[in-house]
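Reproduced below: model10.txt, with compact mmCIF, C-alpha atoms and all ligand atoms.
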# COMPACT_ATOMS: atom_id res chain seq x y z
CA MET A 22 70.30 75.19 65.08
CA LYS A 23 71.19 76.66 61.69
CA ASP A 24 73.09 79.46 63.45
CA ILE A 25 75.35 76.88 65.05
CA GLU A 26 75.75 74.60 62.02
CA ARG A 27 77.01 77.59 60.06
CA LEU A 28 80.01 77.82 62.41
CA PHE A 29 81.05 74.23 61.78
CA ASP A 30 80.62 74.68 58.01
CA ASN A 31 82.75 77.81 58.17
CA ASN A 32 85.34 75.98 60.23
CA ARG A 33 85.70 73.08 57.79
CA ASN A 34 86.01 75.49 54.87
CA TRP A 35 88.58 77.58 56.71
CA ALA A 36 90.69 74.56 57.73
CA ASP A 37 90.60 73.35 54.10
CA ARG A 38 91.72 76.73 52.78
CA MET A 39 94.56 76.99 55.30
CA THR A 40 95.81 73.50 54.46
CA GLN A 41 95.59 74.17 50.73
CA ALA A 42 97.65 77.34 51.12
CA ASN A 43 100.23 75.60 53.34
CA SER A 44 100.05 71.87 53.88
CA HIS A 45 102.26 72.18 57.02
CA PHE A 46 100.22 74.97 58.58
CA PHE A 47 98.49 73.02 61.35
CA LYS A 48 101.37 70.58 61.84
CA ASP A 49 103.81 73.45 62.48
CA LEU A 50 101.40 75.31 64.75
CA ALA A 51 100.58 72.19 66.74
CA GLU A 52 104.25 71.84 67.62
CA GLN A 53 104.82 75.34 68.92
CA GLN A 54 103.40 78.84 69.16
CA ARG A 55 105.81 81.76 68.88
CA PRO A 56 103.74 84.92 69.01
CA LYS A 57 105.60 88.23 69.15
CA TYR A 58 102.61 90.09 70.50
CA LEU A 59 100.29 89.99 73.48
CA TRP A 60 97.03 91.78 72.76
CA ILE A 61 94.92 93.00 75.67
CA GLY A 62 91.68 94.32 74.23
CA CYS A 63 87.98 94.77 74.82
CA ALA A 64 85.63 91.79 74.60
CA ASP A 65 83.54 93.77 72.07
CA SER A 66 82.67 91.52 69.10
CA ARG A 67 83.74 94.22 66.65
CA VAL A 68 87.34 94.38 67.85
CA SER A 69 88.85 91.07 66.85
CA ALA A 70 92.64 91.19 67.40
CA ASN A 71 93.67 88.83 64.59
CA GLU A 72 91.32 90.23 62.02
CA ILE A 73 92.04 93.93 62.43
CA THR A 74 95.82 93.39 62.52
CA GLY A 75 95.91 90.78 59.76
CA LEU A 76 97.67 88.27 62.01
CA ALA A 77 97.30 84.53 61.53
CA PRO A 78 96.74 81.93 64.27
CA GLY A 79 100.00 81.59 66.19
CA GLU A 80 101.03 85.23 65.76
CA VAL A 81 99.25 86.95 68.63
CA PHE A 82 98.45 85.86 72.19
CA VAL A 83 95.15 87.39 73.22
CA HIS A 84 93.40 88.44 76.41
CA ARG A 85 90.11 90.29 76.22
CA ASN A 86 87.72 91.60 78.84
CA VAL A 87 85.09 94.29 79.07
CA ALA A 88 86.77 97.71 78.58
CA ASN A 89 90.31 96.24 78.20
CA LEU A 90 91.29 96.58 81.85
CA VAL A 91 94.48 95.44 83.56
CA ILE A 92 93.71 95.24 87.26
CA HIS A 93 96.40 94.33 89.78
CA THR A 94 94.20 91.79 91.51
CA ASP A 95 92.91 90.13 88.31
CA ILE A 96 94.77 86.82 88.40
CA ASN A 97 93.33 85.89 85.02
CA CYS A 98 94.86 88.83 83.17
CA LEU A 99 98.07 88.73 85.24
CA SER A 100 98.52 85.03 84.46
CA VAL A 101 98.11 85.69 80.74
CA LEU A 102 100.69 88.46 81.00
CA GLN A 103 103.15 86.29 82.93
CA PHE A 104 102.85 83.39 80.50
CA ALA A 105 103.19 85.67 77.48
CA VAL A 106 106.24 87.52 78.80
CA GLU A 107 108.12 84.82 80.68
CA ILE A 108 107.40 81.71 78.61
CA LEU A 109 106.43 82.91 75.15
CA LYS A 110 108.79 85.89 75.37
CA VAL A 111 106.54 88.24 73.45
CA GLU A 112 108.27 91.51 72.54
CA HIS A 113 105.19 93.70 72.49
CA VAL A 114 102.24 94.04 74.84
CA ILE A 115 99.47 96.00 73.14
CA ILE A 116 96.65 97.51 75.17
CA CYS A 117 93.98 98.28 72.63
CA GLY A 118 90.86 100.21 73.54
CA HIS A 119 88.22 101.34 71.09
CA TYR A 120 85.97 104.32 70.54
CA GLY A 121 82.31 103.53 71.08
CA CYS A 122 83.14 101.19 73.97
CA GLY A 123 79.91 100.19 75.71
CA GLY A 124 81.85 99.39 78.88
CA VAL A 125 83.37 102.86 79.05
CA GLN A 126 79.98 104.43 78.37
CA ALA A 127 78.23 102.30 81.00
CA ALA A 128 80.91 103.23 83.53
CA VAL A 129 79.95 106.90 83.48
CA GLU A 130 76.17 106.50 83.28
CA ASP A 131 74.10 106.88 86.41
CA GLN A 132 72.05 103.84 85.43
CA ARG A 133 72.73 100.58 87.30
CA HIS A 134 73.80 97.49 85.33
CA GLY A 135 74.26 94.93 88.09
CA LEU A 136 77.39 92.88 88.73
CA ILE A 137 79.37 94.46 85.91
CA ASP A 138 79.27 97.83 87.69
CA ASN A 139 81.89 96.45 90.09
CA TRP A 140 84.22 95.80 87.17
CA LEU A 141 83.44 99.08 85.45
CA ARG A 142 84.16 100.91 88.69
CA HIS A 143 87.79 100.91 87.51
CA VAL A 144 86.83 102.96 84.45
CA ARG A 145 84.74 105.26 86.62
CA ASP A 146 87.84 105.83 88.75
CA VAL A 147 89.73 106.87 85.59
CA TYR A 148 86.87 109.26 84.85
CA HIS A 149 86.99 110.80 88.33
CA ARG A 150 90.76 111.17 88.26
CA ASN A 151 90.48 113.13 85.00
CA GLU A 152 87.17 114.88 85.63
CA GLU A 153 88.54 118.43 85.22
CA VAL A 154 90.03 117.68 81.78
CA LEU A 155 87.06 115.61 80.63
CA LYS A 156 84.55 118.32 81.57
CA LYS A 157 86.20 120.53 78.96
CA ALA A 158 85.27 118.10 76.17
CA GLY A 159 82.83 119.82 73.83
CA SER A 160 80.19 117.10 73.83
CA ASN A 161 79.30 113.85 75.54
CA ASP A 162 80.62 112.00 72.50
CA ALA A 163 83.96 113.83 72.71
CA LEU A 164 84.11 113.12 76.45
CA LEU A 165 83.59 109.40 75.89
CA ARG A 166 86.23 109.27 73.15
CA GLU A 167 88.71 111.01 75.43
CA LEU A 168 87.85 108.67 78.31
CA CYS A 169 88.43 105.66 76.03
CA GLU A 170 91.93 107.01 75.36
CA LEU A 171 92.62 107.88 79.01
CA ASN A 172 91.53 104.39 79.99
CA VAL A 173 94.10 102.88 77.60
CA ARG A 174 96.84 105.15 78.96
CA GLU A 175 96.03 104.04 82.50
CA GLN A 176 96.16 100.35 81.53
CA VAL A 177 99.57 100.84 79.88
CA VAL A 178 100.85 102.15 83.22
CA ASN A 179 99.17 99.25 85.01
CA VAL A 180 100.91 96.72 82.74
CA ALA A 181 104.24 98.50 83.27
CA ASN A 182 103.79 98.31 87.04
CA THR A 183 103.17 94.56 87.19
CA THR A 184 105.88 92.37 88.74
CA THR A 185 106.06 90.44 85.47
CA VAL A 186 106.95 93.46 83.36
CA GLN A 187 109.19 95.05 86.01
CA ASP A 188 111.12 91.78 86.35
CA ALA A 189 111.45 91.48 82.57
CA TRP A 190 112.88 94.99 82.31
CA LEU A 191 115.22 94.47 85.28
CA SER A 192 116.61 91.35 83.60
CA GLY A 193 117.20 93.24 80.34
CA GLN A 194 114.44 91.54 78.35
CA ALA A 195 113.29 93.66 75.41
CA LEU A 196 109.63 94.41 76.00
CA TYR A 197 107.48 97.25 74.71
CA VAL A 198 104.11 98.16 76.19
CA HIS A 199 101.93 100.04 73.70
CA GLY A 200 98.64 101.92 74.01
CA TRP A 201 96.43 101.87 70.92
CA ILE A 202 92.87 102.75 70.11
CA TYR A 203 90.65 101.29 67.41
CA ASP A 204 87.93 103.24 65.69
CA ILE A 205 84.89 101.08 65.01
CA HIS A 206 83.68 103.77 62.58
CA ASP A 207 86.49 103.33 60.04
CA GLY A 208 88.30 100.18 61.15
CA LEU A 209 91.58 101.99 61.78
CA LEU A 210 94.04 101.63 64.64
CA LYS A 211 95.76 104.63 66.19
CA ASP A 212 98.92 104.54 68.29
CA LEU A 213 98.43 106.81 71.30
CA GLY A 214 102.17 107.37 71.58
CA VAL A 215 102.48 106.17 75.16
CA THR A 216 104.83 103.24 74.59
CA LEU A 217 106.96 102.22 77.58
CA ASP A 218 110.11 100.07 77.31
CA LYS A 219 111.84 100.49 80.65
CA ILE A 220 111.25 101.23 84.31
CA GLN A 221 110.22 104.87 84.65
CO CO B 1 84.51 97.94 74.52

Would it be possible to restate this file's structure as structure tokens?
Ligand code: CO
Amino acid sequence: MKDIERLFDNNRNWADRMTQANSHFFKDLAEQQRPKYLWIGCADSRVSANEITGLAPGEVFVHRNVANLVIHTDINCLSVLQFAVEILKVEHVIICGHYGCGGVQAAVEDQRHGLIDNWLRHVRDVYHRNEEVLKKAGSNDALLRELCELNVREQVVNVANTTTVQDAWLSGQALYVHGWIYDIHDGLLKDLGVTLDKIQ
């Protein structure tokens, strides 16, 4: 149980530090959250939204799933998006993929992984739609990196096509949808330059 006790020790120390730095910290946060950002990222343990962006609790609303997918029938992700845009009025939706994504890799392998293959089918579809371009990648590693980026681009379009985002834009709400990628090898984020801020 030592593995678990460590988490509670860490938590008490963290709460103490936060209160020492700002005695109102938890009181203010308990009253209201006002995040400017919605982060949609991979569930990968190495890609922690708050940590890699230096944002404190209360600053970023987060949804994570395997391979950072936004699927039009995923009521979980769509509900997060609706709440973030309509109620919290976030100004930025960030889709953040990452190189070395196990989900993206598994999606293009011939090996079976069980239930998750149904989910990863969406990434495999991205692969098939871009097969001609991807085949020109010099190596398997380069192909996977490119597919990680293409997957982010596709999710940016998916976010932009949701009723929530279309309605926000039609009503004149300022809302930017960004596509980023994180490199687990150096800890750096890269903007893929595919930001959308209006109906195309
Ligand atoms: Co991943």

Original post:
Could you list, as a PyMOL selection string, all the residues within 8 Å of ligand CO 1 (chain B), counting only C-alpha atoms and all ligand atoms?
Top reply: chain A and resi 63-65+87-89+118-125

**OP:** Give as JSON, numbers by chain each residue that has an atom at most 9 Å from (95.5, 102.6, 84.1) in the file, counting all atoms listed in the file.
**Re:** {"A": [90, 91, 92, 143, 144, 147, 171, 172, 173, 174, 175, 176, 177, 178, 179, 180]}

Subject >> Atom pair atom CA of Asp146 of chain A / atom CA of Cys117 of chain A: separation (Å) >> reply: 18.8 Å

For segment 171-180 of chain A, take all atoms listed in the file, fit an axis-aligned box around them, add 6 Å to each of the six sides, then output centre and edge lengths in Å rounded to one decimal, as lines of an AutoDock Vina configuration file.
center_x = 96.2
center_y = 102.3
center_z = 81.3
size_x = 21.4
size_y = 23.2
size_z = 19.4

Original post:
atom CA of Ser66 of chain A and atom CA of Arg85 of chain A, how far apart in Å?
Top reply: 10.4 Å

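Using all atoms listed in the file, the nearest neighbour of Val129 of chain A within the list A:Gly159, A:Asp30, A:Cys169, A:Ser100 is A:Cys169.
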
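Across the structure, atom CA of His113 of chain A and atom CA of Tyr197 of chain A are spaced 4.8 Å apart.
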
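The nearest approach to Gly193 of chain A among the residues A:Trp140, A:Glu112, A:Ile205, A:Leu168, with all atoms listed in the file taken into account, belongs to A:Glu112.
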
Original post:
Which one is closest to Lys48 of chain A: A:Ser192, A:Leu28, A:Gly79, A:Thr94? Count only C-alpha atoms.
Top reply: A:Gly79

Original post:
Hey, what's within 12 Å of Val198 of chain A if we count all atoms listed in the file and toss same-chain stuff fewer than 2 positions away? As a VMD selection string, please?
Top reply: chain A and resid 58 to 61 102 106 111 to 117 173 to 183 186 to 187 189 to 190 195 to 196 200 to 201 212 to 220

**OP:** For Ile73 of chain A, list every protein, DNA or RNA residue within 10 Å, evaluated using all atoms listed in the file, and leave out those in the same chain fewer than 2 positions away; present the list as a PyMOL selection string.
**Re:** chain A and resi 67-71+75-76+203+208-210
